[in-house]
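Pasted below: input27.cif, mmCIF, C-alpha atoms.
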data_protein
#
loop_
_atom_site.label_atom_id
_atom_site.label_comp_id
_atom_site.auth_asym_id
_atom_site.auth_seq_id
_atom_site.Cartn_x
_atom_site.Cartn_y
_atom_site.Cartn_z
CA MET A 1 -9.33 11.91 24.66
CA SER A 2 -11.80 10.32 27.05
CA THR A 3 -11.40 6.78 28.32
CA GLN A 4 -14.50 5.86 26.31
CA ASP A 5 -12.47 6.29 23.14
CA PHE A 6 -10.09 3.57 24.29
CA VAL A 7 -13.03 1.26 24.94
CA SER A 8 -14.75 1.81 21.62
CA ARG A 9 -11.76 2.28 19.30
CA LEU A 10 -8.80 -0.03 18.81
CA PRO A 11 -5.38 1.52 18.14
CA ASN A 12 -5.62 1.32 14.34
CA ASP A 13 -9.02 3.02 14.29
CA ILE A 14 -7.78 6.57 13.77
CA GLY A 15 -10.10 7.82 11.02
CA GLY A 16 -11.34 11.31 11.88
CA PHE A 17 -8.72 12.12 14.52
CA ALA A 18 -6.70 15.30 14.31
CA ALA A 19 -3.20 14.85 12.90
CA GLY A 20 -0.36 16.88 11.46
CA PRO A 21 0.57 17.67 7.88
CA ILE A 22 1.19 14.88 5.37
CA ASP A 23 4.88 14.13 4.84
CA ARG A 24 5.14 13.10 1.19
CA ALA A 25 8.67 11.69 1.37
CA GLU A 26 8.81 8.14 0.06
CA HIS A 27 11.39 5.39 0.37
CA GLU A 28 12.16 2.33 -1.69
CA LEU A 29 11.53 -0.85 0.28
CA GLU A 30 14.54 -2.46 1.89
CA PRO A 31 15.06 -6.03 0.65
CA TRP A 32 13.92 -7.44 4.00
CA GLU A 33 10.80 -5.24 3.90
CA LYS A 34 9.89 -6.63 0.50
CA ARG A 35 10.52 -10.18 1.77
CA CYS A 36 8.29 -9.41 4.74
CA HIS A 37 5.54 -8.21 2.40
CA ALA A 38 5.89 -11.35 0.26
CA LEU A 39 5.75 -13.45 3.44
CA ALA A 40 2.51 -11.74 4.45
CA ASP A 41 0.98 -12.51 1.05
CA VAL A 42 2.13 -16.14 1.14
CA LEU A 43 0.72 -16.61 4.67
CA ASP A 44 -2.58 -15.19 3.41
CA PHE A 45 -2.67 -17.43 0.29
CA LYS A 46 -2.00 -20.50 2.43
CA LYS A 47 -4.81 -19.54 4.85
CA MET A 48 -2.31 -19.32 7.71
CA ILE A 49 -2.66 -15.62 8.61
CA ASN A 50 -5.22 -13.55 6.72
CA THR A 51 -5.38 -9.77 6.34
CA GLU A 52 -7.84 -9.32 9.21
CA GLU A 53 -5.74 -11.47 11.54
CA LYS A 54 -2.66 -9.48 10.57
CA ARG A 55 -4.36 -6.19 11.45
CA LYS A 56 -5.66 -7.56 14.74
CA GLY A 57 -2.18 -8.88 15.49
CA VAL A 58 -0.77 -5.40 14.98
CA GLU A 59 -3.47 -3.87 17.18
CA ALA A 60 -2.64 -6.41 19.89
CA LEU A 61 0.83 -4.83 20.12
CA GLY A 62 -0.83 -1.90 21.86
CA GLU A 63 -0.87 1.75 21.06
CA SER A 64 2.54 2.73 22.42
CA LEU A 65 4.45 0.02 20.54
CA ILE A 66 2.44 0.69 17.37
CA GLY A 67 3.45 4.32 17.68
CA LYS A 68 7.14 3.46 17.98
CA LEU A 69 7.57 0.68 15.42
CA PRO A 70 7.69 1.32 11.66
CA TYR A 71 5.35 -0.53 9.32
CA TYR A 72 7.09 -3.81 8.51
CA GLU A 73 8.55 -4.05 12.01
CA ARG A 74 4.96 -4.11 13.32
CA TRP A 75 4.05 -6.79 10.80
CA ILE A 76 6.87 -9.18 11.62
CA VAL A 77 6.30 -8.92 15.39
CA ALA A 78 2.58 -9.54 14.79
CA PHE A 79 3.37 -12.58 12.61
CA ALA A 80 5.60 -14.00 15.33
CA ASN A 81 2.92 -13.55 18.01
CA ILE A 82 0.17 -15.02 15.80
CA SER A 83 2.46 -17.95 14.93
CA PHE A 84 2.91 -18.70 18.65
CA THR A 85 -0.86 -18.62 19.19
CA LYS A 86 -1.56 -20.84 16.21
CA GLY A 87 1.23 -23.24 17.11
CA TYR A 88 3.29 -22.73 13.94
CA PHE A 89 6.39 -22.47 16.17
CA THR A 90 7.19 -21.69 19.79
CA PRO A 91 8.79 -18.61 21.36
CA THR A 92 11.83 -20.73 22.25
CA GLU A 93 12.22 -21.90 18.66
CA LEU A 94 12.10 -18.32 17.44
CA ALA A 95 14.63 -17.14 20.03
CA GLU A 96 17.03 -19.93 19.07
CA LYS A 97 16.59 -19.30 15.35
CA MET A 98 17.13 -15.55 15.79
CA ALA A 99 20.36 -16.21 17.70
CA GLU A 100 21.52 -18.51 14.91
CA VAL A 101 20.64 -15.98 12.20
CA GLU A 102 22.37 -13.21 14.12
CA SER A 103 25.62 -15.12 14.58
CA ARG A 104 25.55 -16.31 10.97
CA THR A 105 24.96 -12.86 9.49
CA ALA A 106 27.47 -11.21 11.81
CA ALA A 107 30.12 -13.69 10.67
CA GLU A 108 29.51 -13.26 6.93
CA PRO A 109 29.55 -10.01 5.02
CA LYS A 110 26.00 -9.33 3.96
CA PRO A 111 25.61 -9.97 0.21
CA LEU A 112 24.64 -6.98 -1.88
CA MET B 1 7.13 20.85 -4.09
CA ALA B 2 4.12 20.02 -2.03
CA SER B 3 2.13 22.76 -3.69
CA ASP B 4 2.90 21.60 -7.22
CA PRO B 5 -0.02 19.49 -8.43
CA HIS B 6 2.13 17.85 -11.08
CA SER B 7 4.67 16.58 -8.64
CA GLN B 8 4.59 13.04 -7.37
CA GLY B 9 6.52 14.37 -4.39
CA HIS B 10 9.07 11.59 -4.36
CA SER B 11 11.95 12.84 -6.41
CA HIS B 12 13.91 14.61 -3.71
CA ASP B 13 14.97 12.04 -1.17
CA HIS B 14 15.77 8.73 -2.80
CA ASP B 15 19.46 9.24 -2.33
CA ALA B 16 19.10 9.69 1.40
CA HIS B 17 17.57 6.22 1.65
CA ALA B 18 19.39 4.42 -1.14
CA ALA B 19 22.62 4.14 0.80
CA ILE B 20 21.12 2.50 3.86
CA SER B 21 22.29 -0.79 5.26
CA HIS B 22 24.00 -2.81 2.53
CA ASP B 23 27.15 -3.09 4.56
CA GLU B 24 25.60 -3.02 8.03
CA ALA B 25 24.73 -6.04 10.10
CA PRO B 26 21.00 -6.73 9.93
CA GLY B 27 18.87 -5.17 12.65
CA TYR B 28 16.69 -6.94 15.18
CA TYR B 29 13.51 -6.94 13.07
CA GLU B 30 15.31 -8.01 9.90
CA ILE B 31 16.78 -10.92 11.88
CA MET B 32 13.28 -11.71 13.11
CA GLU B 33 11.95 -11.74 9.53
CA THR B 34 14.69 -14.16 8.43
CA ALA B 35 14.09 -16.37 11.47
CA VAL B 36 10.30 -16.48 11.04
CA ARG B 37 10.64 -17.29 7.34
CA GLU B 38 13.26 -19.99 7.90
CA LEU B 39 11.26 -21.60 10.72
CA LEU B 40 8.14 -21.72 8.57
CA MET B 41 10.19 -23.25 5.73
CA ALA B 42 11.87 -25.79 8.01
CA LYS B 43 8.47 -26.92 9.25
CA GLY B 44 7.16 -27.29 5.72
CA PHE B 45 4.52 -24.52 5.86
CA ILE B 46 6.08 -22.47 3.06
CA THR B 47 8.91 -22.82 0.54
CA ALA B 48 11.68 -20.49 -0.56
CA ASN B 49 10.08 -20.61 -3.98
CA ASP B 50 6.77 -19.28 -2.56
CA ILE B 51 8.60 -16.18 -1.32
CA ARG B 52 10.68 -15.73 -4.48
CA HIS B 53 7.60 -16.07 -6.66
CA GLN B 54 5.61 -13.53 -4.63
CA ILE B 55 8.48 -11.03 -4.74
CA GLU B 56 8.35 -11.35 -8.54
CA VAL B 57 4.59 -10.76 -8.47
CA LEU B 58 5.04 -7.66 -6.28
CA ASP B 59 7.74 -6.34 -8.61
CA SER B 60 5.45 -6.83 -11.61
CA ARG B 61 2.73 -4.52 -10.20
CA THR B 62 3.13 -0.82 -10.93
CA PRO B 63 0.76 2.10 -11.54
CA ALA B 64 1.27 1.52 -15.28
CA LEU B 65 -1.30 -1.27 -15.02
CA GLY B 66 -3.91 1.04 -13.50
CA ALA B 67 -3.04 3.70 -16.07
CA ALA B 68 -3.77 1.24 -18.88
CA VAL B 69 -7.17 0.49 -17.32
CA VAL B 70 -7.98 4.22 -17.07
CA ALA B 71 -6.92 4.92 -20.66
CA ARG B 72 -9.06 2.04 -21.93
CA ALA B 73 -12.04 3.33 -19.96
CA TRP B 74 -11.55 6.80 -21.47
CA THR B 75 -11.52 5.47 -25.03
CA ASP B 76 -13.98 2.56 -24.88
CA PRO B 77 -17.38 3.42 -23.35
CA ALA B 78 -18.55 -0.20 -23.32
CA PHE B 79 -15.43 -1.21 -21.40
CA LYS B 80 -15.98 1.68 -18.99
CA SER B 81 -19.50 0.45 -18.24
CA ARG B 82 -18.23 -3.05 -17.53
CA LEU B 83 -15.38 -1.66 -15.40
CA LEU B 84 -17.73 0.46 -13.29
CA ALA B 85 -20.06 -2.52 -12.86
CA ASP B 86 -17.26 -4.87 -11.75
CA GLY B 87 -13.79 -3.40 -11.34
CA ARG B 88 -12.02 -6.69 -10.89
CA ALA B 89 -13.62 -8.30 -13.96
CA GLY B 90 -12.78 -5.18 -15.99
CA CYS B 91 -9.11 -5.35 -15.01
CA GLU B 92 -9.01 -9.07 -15.66
CA GLU B 93 -10.32 -8.39 -19.17
CA LEU B 94 -7.06 -6.51 -19.75
CA GLY B 95 -5.04 -9.45 -18.46
CA ILE B 96 -4.41 -8.03 -14.97
CA THR B 97 -4.64 -10.94 -12.55
CA PHE B 98 -5.72 -10.52 -8.95
CA TYR B 99 -3.35 -12.46 -6.76
CA ASP B 100 -5.47 -11.93 -3.65
CA ASP B 101 -9.11 -12.36 -2.68
CA THR B 102 -9.98 -8.67 -2.99
CA GLN B 103 -12.79 -7.07 -4.95
CA LEU B 104 -12.26 -3.76 -6.76
CA ILE B 105 -14.71 -0.89 -7.02
CA VAL B 106 -13.82 1.77 -9.61
CA LEU B 107 -15.01 5.28 -8.69
CA GLU B 108 -15.54 7.68 -11.58
CA ASN B 109 -14.74 11.36 -11.16
CA SER B 110 -17.05 13.79 -12.94
CA GLU B 111 -17.88 17.49 -13.14
CA SER B 112 -19.85 17.12 -9.93
CA VAL B 113 -17.99 14.44 -7.93
CA HIS B 114 -14.36 14.03 -6.90
CA ASN B 115 -13.33 10.71 -5.33
CA LEU B 116 -10.55 10.04 -2.85
CA ILE B 117 -9.48 6.68 -1.44
CA VAL B 118 -7.98 5.91 1.95
CA CYS B 119 -7.58 3.05 4.41
CA THR B 120 -8.18 4.50 7.86
CA LEU B 121 -7.41 1.23 9.66
CA CYS B 122 -4.13 0.37 8.00
CA SER B 123 -3.00 0.30 4.39
CA CYS B 124 -5.48 -1.57 2.19
CA TYR B 125 -4.86 -0.49 -1.40
CA PRO B 126 -5.56 -1.80 -4.93
CA ARG B 127 -2.16 -3.54 -5.07
CA PRO B 128 -2.88 -5.79 -8.06
CA VAL B 129 -3.32 -2.71 -10.29
CA LEU B 130 -1.15 -0.07 -8.55
CA GLY B 131 1.59 -2.00 -6.73
CA LEU B 132 2.50 -1.05 -3.18
CA PRO B 133 1.15 2.17 -1.64
CA PRO B 134 3.27 5.27 -0.98
CA ASP B 135 4.52 5.78 2.58
CA TRP B 136 2.18 8.71 3.22
CA TYR B 137 -0.84 6.50 2.44
CA LYS B 138 0.17 4.23 5.34
CA LEU B 139 0.92 6.95 7.89
CA LYS B 140 -1.37 8.55 10.44
CA PRO B 141 -1.85 12.07 9.02
CA TYR B 142 -3.41 10.90 5.74
CA ARG B 143 -5.41 8.05 7.32
CA ALA B 144 -6.78 10.19 10.14
CA ARG B 145 -7.55 13.35 8.20
CA ALA B 146 -8.74 12.15 4.77
CA VAL B 147 -12.15 11.21 6.13
CA ILE B 148 -12.74 14.32 8.24
CA GLU B 149 -11.18 17.15 6.21
CA PRO B 150 -10.59 15.80 2.69
CA ARG B 151 -10.53 19.25 1.08
CA LYS B 152 -7.67 20.33 3.35
CA VAL B 153 -5.83 17.10 2.63
CA LEU B 154 -6.31 17.60 -1.11
CA ALA B 155 -5.07 21.18 -0.82
CA GLU B 156 -1.81 19.85 0.65
CA PHE B 157 -1.36 17.99 -2.64
CA GLY B 158 -2.09 21.21 -4.52
CA THR B 159 -5.59 20.09 -5.47
CA ILE B 160 -8.35 22.63 -4.92
CA ILE B 161 -11.84 21.21 -5.38
CA PRO B 162 -14.54 23.86 -6.05
CA ASP B 163 -17.21 24.12 -3.34
CA ASP B 164 -19.94 23.00 -5.74
CA VAL B 165 -18.12 19.71 -6.43
CA GLU B 166 -18.91 16.92 -3.99
CA VAL B 167 -15.89 15.17 -2.44
CA ARG B 168 -16.50 11.48 -1.73
CA VAL B 169 -14.03 9.56 0.42
CA SER B 170 -14.05 5.76 0.23
CA ASP B 171 -12.49 3.80 3.10
CA SER B 172 -10.92 0.53 1.96
CA THR B 173 -11.22 -2.80 3.77
CA ALA B 174 -9.37 -6.10 3.75
CA VAL B 175 -11.62 -7.40 0.96
CA ILE B 176 -12.95 -4.30 -0.83
CA ARG B 177 -10.46 -2.00 -2.56
CA TYR B 178 -11.04 1.12 -4.63
CA LEU B 179 -9.49 2.76 -7.69
CA VAL B 180 -10.29 6.29 -8.85
CA LEU B 181 -11.10 6.77 -12.53
CA PRO B 182 -9.88 10.35 -13.04
CA ARG B 183 -11.38 12.81 -15.51
CA ARG B 184 -9.83 12.84 -18.97
CA PRO B 185 -8.06 16.16 -19.53
CA ALA B 186 -9.49 18.52 -22.14
CA GLY B 187 -7.42 18.77 -25.30
CA THR B 188 -6.68 15.04 -25.54
CA GLU B 189 -9.55 14.15 -27.87
CA ASP B 190 -7.25 12.86 -30.63
CA TRP B 191 -4.74 11.12 -28.35
CA THR B 192 -4.08 7.41 -28.60
CA GLU B 193 -4.90 5.10 -25.74
CA GLN B 194 -1.19 4.55 -25.15
CA ASP B 195 -0.42 8.27 -25.00
CA LEU B 196 -3.33 8.80 -22.65
CA ALA B 197 -2.05 6.07 -20.33
CA GLY B 198 1.24 7.97 -20.12
CA LEU B 199 -0.59 10.87 -18.45
CA VAL B 200 -2.21 8.85 -15.68
CA THR B 201 -0.31 8.85 -12.40
CA ARG B 202 -0.56 6.76 -9.26
CA ASP B 203 -1.65 9.77 -7.22
CA ALA B 204 -4.44 10.55 -9.69
CA MET B 205 -5.77 7.02 -9.23
CA ILE B 206 -5.70 7.49 -5.44
CA GLY B 207 -7.56 10.74 -6.07
CA VAL B 208 -5.17 13.26 -4.50
CA ILE B 209 -4.41 15.00 -7.81
CA PRO B 210 -6.14 15.33 -11.19
CA VAL B 211 -4.68 14.07 -14.45
CA THR B 212 -3.16 17.05 -16.24
CA LEU B 213 -1.22 17.75 -19.39
CA ASN B 214 2.01 18.09 -17.47
CA ASP B 215 5.33 18.92 -19.04
CA ARG B 216 6.32 15.25 -19.28
CA GLY B 217 3.02 14.21 -20.73
CA MET B 218 3.40 15.56 -24.25
CA LYS B 219 3.16 13.05 -27.04
#

Reformat the file's structure so that it appears as C-alpha cells.
Amino acid sequence: MSTQDFVSRLPNDIGGFAAGPIDRAEHELEPWEKRCHALADVLDFKKMINTEEKRKGVEALGESLIGKLPYYERWIVAFANISFTKGYFTPTELAEKMAEVESRTAAEPKPL
Amino acid sequence: MASDPHSQGHSHDHDAHAAISHDEAPGYYEIMETAVRELLMAKGFITANDIRHQIEVLDSRTPALGAAVVARAWTDPAFKSRLLADGRAGCEELGITFYDDTQLIVLENSESVHNLIVCTLCSCYPRPVLGLPPDWYKLKPYRARAVIEPRKVLAEFGTIIPDDVEVRVSDSTAVIRYLVLPRRPAGTEDWTEQDLAGLVTRDAMIGVIPVTLNDRGMK
C-alpha cells in the first residue's frame, strides 16, 4: 500500500481492499455488549453522540488499535474519548469511576 | 456448512460462546462501559430507564419483522409499489416503528438483477426491521470484498449468480439503509402470507442467499 492510501483513506474505509475468506461464525451478544449498543442508541437519540461522530471516534483510535480491539470495545473507547472532548466528563472522573466499578465488581459475585 | 445455501451458518458454535464470563470478573472494557454509563447517569445526561427501554427495543427487533414485510410485498402488489417507493413508510404501514433517524430503501431482486447490501465503513444495517447484524457483516472480509468481488463473496455463501444476471451492491450509510426484497420461490403460488414469511431468512434480506423451499419451510 502506498502512503497516498493513508492520506486519502481513513482506517474504516476498506471497501475494495483484498481480504481473506468470510468467517460465518456468530456469537450472541454479551450482556455488556448489548448495554453498550443501547448506550450508543441513547446517546444518538439525545443528540449527544451521533452515528457519524461514533464512526469518526473509532477511526481516531488509529489503524493498529482498530485492528486489535473487537467491535464494542472500539465503541466504548470512542465514546469515552468523545465524552472528554465534548466535556461530558473528564479523564480523571472516568479513571476514578472505573477504579470504583472494578473494586465493587471484584468484591461481589457477578449476578447471572 | 459454508457451501450449503440453506444454512444460516450459525448453528455450530453457540455453545462455545454461551459459557463465557458469567462467573468471571468483568474485563477492562466492560468496566469502562459500566463507568461511562454510570457517569452519564450521575450527571443527568441519561437515565437507567433510557438504557433498559432501549435494550427492550433491541430485543424486540428480529428478522421476523423483515420477513413479514417481504411476504406482504409478495402477496399485495399495491403494498409492494408503496414499499419500493418509500421503504420506511411501507414498514411503518405494518406497524414497524423506526427508532432512529434512518431512511430505508428496499431493493427488489428479479430475473435480471440480484441485490446485495453491505456497509464498507462500519456496520450500518436495517436494524429496525432485521435486528442487529451478524458478526461477519461487521468484519473486514465481507466489508472489503463485497464491493469488489461480490460474485466470489456470494459463492462463499453457496449462492451462484448466473453471468447474465446483474449483481448490484448497495453500500449503506449512517442515514440510508437497505433491505433486499428477495424473489418469491416458484411453487408457492397458493401459500398464505404467514407461511411465506416463514421462508424468508435474514441472510436472504441481506442478499447473500436466495429464499428457497428448504426442509424447514414446508407448511

Next item on the list: List the neighbours of Asp171 (chain B) out to 10 Å using all atoms listed in the file; skip same-chain residues closer than 2 positions along the sequence, and give me the result as a PyMOL selection string.
Entry: (chain A and resi 15) or (chain B and resi 116-121+124-125+143+146-147+168-169+173+176-178)

Using all atoms listed in the file, which residues of region 33-74 of chain B come within 9 Å of region 98-104 of chain A, and what is the closest atom pair for each, with the distance in Å to one decimal? Give it as a Markdown table, sorted by chain and residue number.
| residue | atom | partner | partner_atom | distance |
| --- | --- | --- | --- | --- |
| B:Glu33 | CA | A:Met98 | CA | 9.0 |
| B:Thr34 | CA | A:Val101 | CA | 7.3 |
| B:Ala35 | CA | A:Met98 | CA | 5.3 |
| B:Val36 | CA | A:Met98 | CA | 8.4 |

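Proximity of A:Ile14, A:Ala80, A:Ala38, A:Ile22 to Leu94 (chain A), computed with only C-alpha atoms, is greatest for A:Ala80.
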
Checklist line | Result set of the PyMOL selection byres ((chain A and resi 54) around 10) on the coordinates above, as a PyMOL selection string | finding: chain A and resi 40+43-44+49-53+55-60+74-76+78-79+82

Next item on the list: Can you pull out every residue within 12 Å of Ser81 (chain B), counting all atoms listed in the file, but drop anything in the same chain fewer than 5 positions away, and send it as a list in words?
Entry: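 That gives Arg72, Ala73, Trp74, Thr75, Asp76, Asp86, Gly87, Ala89, Gly90, Val106, Leu107, Glu108 and Leu181 of chain B.
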
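Candidate residues B:Asp203, B:Pro126, B:Val57, B:Leu39 were compared for distance to Arg88 (chain B), and the nearest is B:Pro126, using all atoms listed in the file.
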
Checklist line | Selection dump of the PyMOL selection byres ((chain A and resi 88) around 10), as a PyMOL selection string | finding: (chain A and resi 48+80+82-87+89-90) or (chain B and resi 36+39-40+43+45)

Note to self: Could you tell me, as a PyMOL selection string, exactly which residues end up selected when the PyMOL selection byres ((chain B and resi 199) around 7) is applied to this structure?
What the structure shows: chain B and resi 196-198+200-201+211+213+217

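Of the residues listed (B:Pro185, B:Pro133, B:Gly95, B:Pro63), B:Pro133 shows the shortest atom-to-atom separation from chain A; distances use all atoms listed in the file.
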
Notebook entry, point to check: Rounded to one decimal in Å, what is the spacing between CA of Leu65 (chain A) and CA of Gly131 (chain B)?
Noted result: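 Separation of CA of Leu65 (chain A) and CA of Gly131 (chain B): 27.5 Å.
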
I want to know what sits within 10 Å of Gly20 (chain A), based on all atoms listed in the file, with residues of the same chain fewer than 4 positions away left out; could you give that as a PDB file with C-alpha atoms, in the frame of the given file?
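Saved result, around.pdb, follows:
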ATOM      1  CA  LYS B 140      -1.370   8.550  10.440  1.00  0.00           C
ATOM      2  CA  PRO B 141      -1.850  12.070   9.020  1.00  0.00           C
ATOM      3  CA  TYR B 142      -3.410  10.900   5.740  1.00  0.00           C
ATOM      4  CA  ALA B 144      -6.780  10.190  10.140  1.00  0.00           C
ATOM      5  CA  ARG B 145      -7.550  13.350   8.200  1.00  0.00           C
TER       6      ARG B 145
END

Next item on the list: In Å, rounded to a single decimal, give me how far CA of Val70 (chain B) is from CA of Asp135 (chain B).
Entry: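 Distance between the two atoms: 23.3 Å.
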
Item checked: Distance criterion (all atoms listed in the file): nearest to Ser110 (chain B) out of B:Pro182, B:Pro210, B:Gly27, B:Pro162 -> B:Pro182

Checklist line | Proximity to chain B - best of A:Arg9, A:Leu69, A:Gly16, A:Asn81, all atoms listed in the file | finding: A:Gly16

Margin query: Show me the residues around (3.5, -4.9, -9.9) - criterion: an atom at most 10 Å away, all atoms listed in the file counted - as a list in words.
Written below: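 Residues with an atom close enough to that point: Ile55, Glu56, Val57, Leu58, Asp59, Ser60, Arg61, Thr62, Pro63, Ala64, Leu65, Ile96, Arg127, Pro128, Val129, Leu130, Gly131 and Leu132 of chain B.
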
I need the chosen residues saved as a CSV table (one decimal), in the frame of the given file, with C-alpha atoms.
chain,number,residue,atom,x,y,z
B,55,ILE,CA,8.5,-11.0,-4.7
B,56,GLU,CA,8.4,-11.4,-8.5
B,57,VAL,CA,4.6,-10.8,-8.5
B,58,LEU,CA,5.0,-7.7,-6.3
B,59,ASP,CA,7.7,-6.3,-8.6
B,60,SER,CA,5.4,-6.8,-11.6
B,61,ARG,CA,2.7,-4.5,-10.2
B,62,THR,CA,3.1,-0.8,-10.9
B,63,PRO,CA,0.8,2.1,-11.5
B,64,ALA,CA,1.3,1.5,-15.3
B,65,LEU,CA,-1.3,-1.3,-15.0
B,96,ILE,CA,-4.4,-8.0,-15.0
B,127,ARG,CA,-2.2,-3.5,-5.1
B,128,PRO,CA,-2.9,-5.8,-8.1
B,129,VAL,CA,-3.3,-2.7,-10.3
B,130,LEU,CA,-1.2,-0.1,-8.6
B,131,GLY,CA,1.6,-2.0,-6.7
B,132,LEU,CA,2.5,-1.0,-3.2

Check: For Asp41 (chain A), which of B:Thr192, B:Gln54, B:Thr47, B:Asn109 is the closest residue, counting only C-alpha atoms?
Finding: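 Nearest candidate to Asp41 (chain A) out of B:Thr192, B:Gln54, B:Thr47, B:Asn109: B:Gln54.
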
Item checked: Gap from CA of Lys68 (chain A) to CA of Ala155 (chain B) - Å, one decimal ->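 Value for the CA of Lys68 (chain A)-CA of Ala155 (chain B) distance: 28.6 Å.
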
If I wrap all listed atoms of region 21-27 of chain A in a box with edges along x, y and z and add 3 Å on each side, what are its centre and edge lengths in Å to one decimal, as AutoDock Vina command-line options?
--center_x 6.0 --center_y 11.5 --center_z 4.0 --size_x 16.8 --size_y 18.3 --size_z 13.8

Incomplete region 83-100 of chain B brought to N, CA and C atoms, written out as a short mmCIF file (atom, residue, chain, number, x, y, z; two decimals), in the coordinates of the input:
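Everything below was put into selection.cif:
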data_model
loop_
_atom_site.label_atom_id
_atom_site.label_comp_id
_atom_site.auth_asym_id
_atom_site.auth_seq_id
_atom_site.Cartn_x
_atom_site.Cartn_y
_atom_site.Cartn_z
N LEU B 83 -16.34 -1.92 -16.47
CA LEU B 83 -15.38 -1.66 -15.40
C LEU B 83 -16.09 -1.09 -14.17
N LEU B 84 -17.02 -0.16 -14.42
CA LEU B 84 -17.73 0.46 -13.29
C LEU B 84 -18.69 -0.54 -12.64
N ALA B 85 -19.16 -1.50 -13.42
CA ALA B 85 -20.06 -2.52 -12.86
C ALA B 85 -19.28 -3.54 -12.03
N ASP B 86 -18.07 -3.88 -12.45
CA ASP B 86 -17.26 -4.87 -11.75
C ASP B 86 -15.79 -4.57 -12.04
N GLY B 87 -15.15 -3.88 -11.11
CA GLY B 87 -13.79 -3.40 -11.34
C GLY B 87 -12.80 -4.54 -11.55
N ARG B 88 -12.96 -5.58 -10.76
CA ARG B 88 -12.02 -6.69 -10.89
C ARG B 88 -12.16 -7.37 -12.25
N ALA B 89 -13.41 -7.64 -12.66
CA ALA B 89 -13.62 -8.30 -13.96
C ALA B 89 -13.09 -7.41 -15.09
N GLY B 90 -13.28 -6.09 -14.96
CA GLY B 90 -12.78 -5.18 -15.99
C GLY B 90 -11.26 -5.25 -16.12
N CYS B 91 -10.57 -5.25 -14.98
CA CYS B 91 -9.11 -5.35 -15.01
C CYS B 91 -8.67 -6.70 -15.57
N GLU B 92 -9.37 -7.74 -15.18
CA GLU B 92 -9.01 -9.07 -15.66
C GLU B 92 -9.19 -9.19 -17.17
N GLU B 93 -10.16 -8.43 -17.71
CA GLU B 93 -10.32 -8.39 -19.17
C GLU B 93 -9.04 -7.93 -19.85
N LEU B 94 -8.31 -7.03 -19.19
CA LEU B 94 -7.06 -6.51 -19.75
C LEU B 94 -5.86 -7.37 -19.36
N GLY B 95 -6.13 -8.53 -18.78
CA GLY B 95 -5.04 -9.45 -18.46
C GLY B 95 -4.38 -9.19 -17.12
N ILE B 96 -4.98 -8.31 -16.30
CA ILE B 96 -4.41 -8.03 -14.97
C ILE B 96 -4.99 -9.04 -13.99
N THR B 97 -4.15 -9.92 -13.48
CA THR B 97 -4.64 -10.94 -12.55
C THR B 97 -4.69 -10.38 -11.13
N PHE B 98 -5.63 -10.90 -10.36
CA PHE B 98 -5.72 -10.52 -8.95
C PHE B 98 -5.14 -11.67 -8.14
N TYR B 99 -4.02 -11.38 -7.48
CA TYR B 99 -3.35 -12.46 -6.76
C TYR B 99 -3.90 -12.62 -5.35
N ASP B 100 -4.89 -11.81 -4.99
CA ASP B 100 -5.47 -11.93 -3.65
C ASP B 100 -6.99 -12.07 -3.78
#
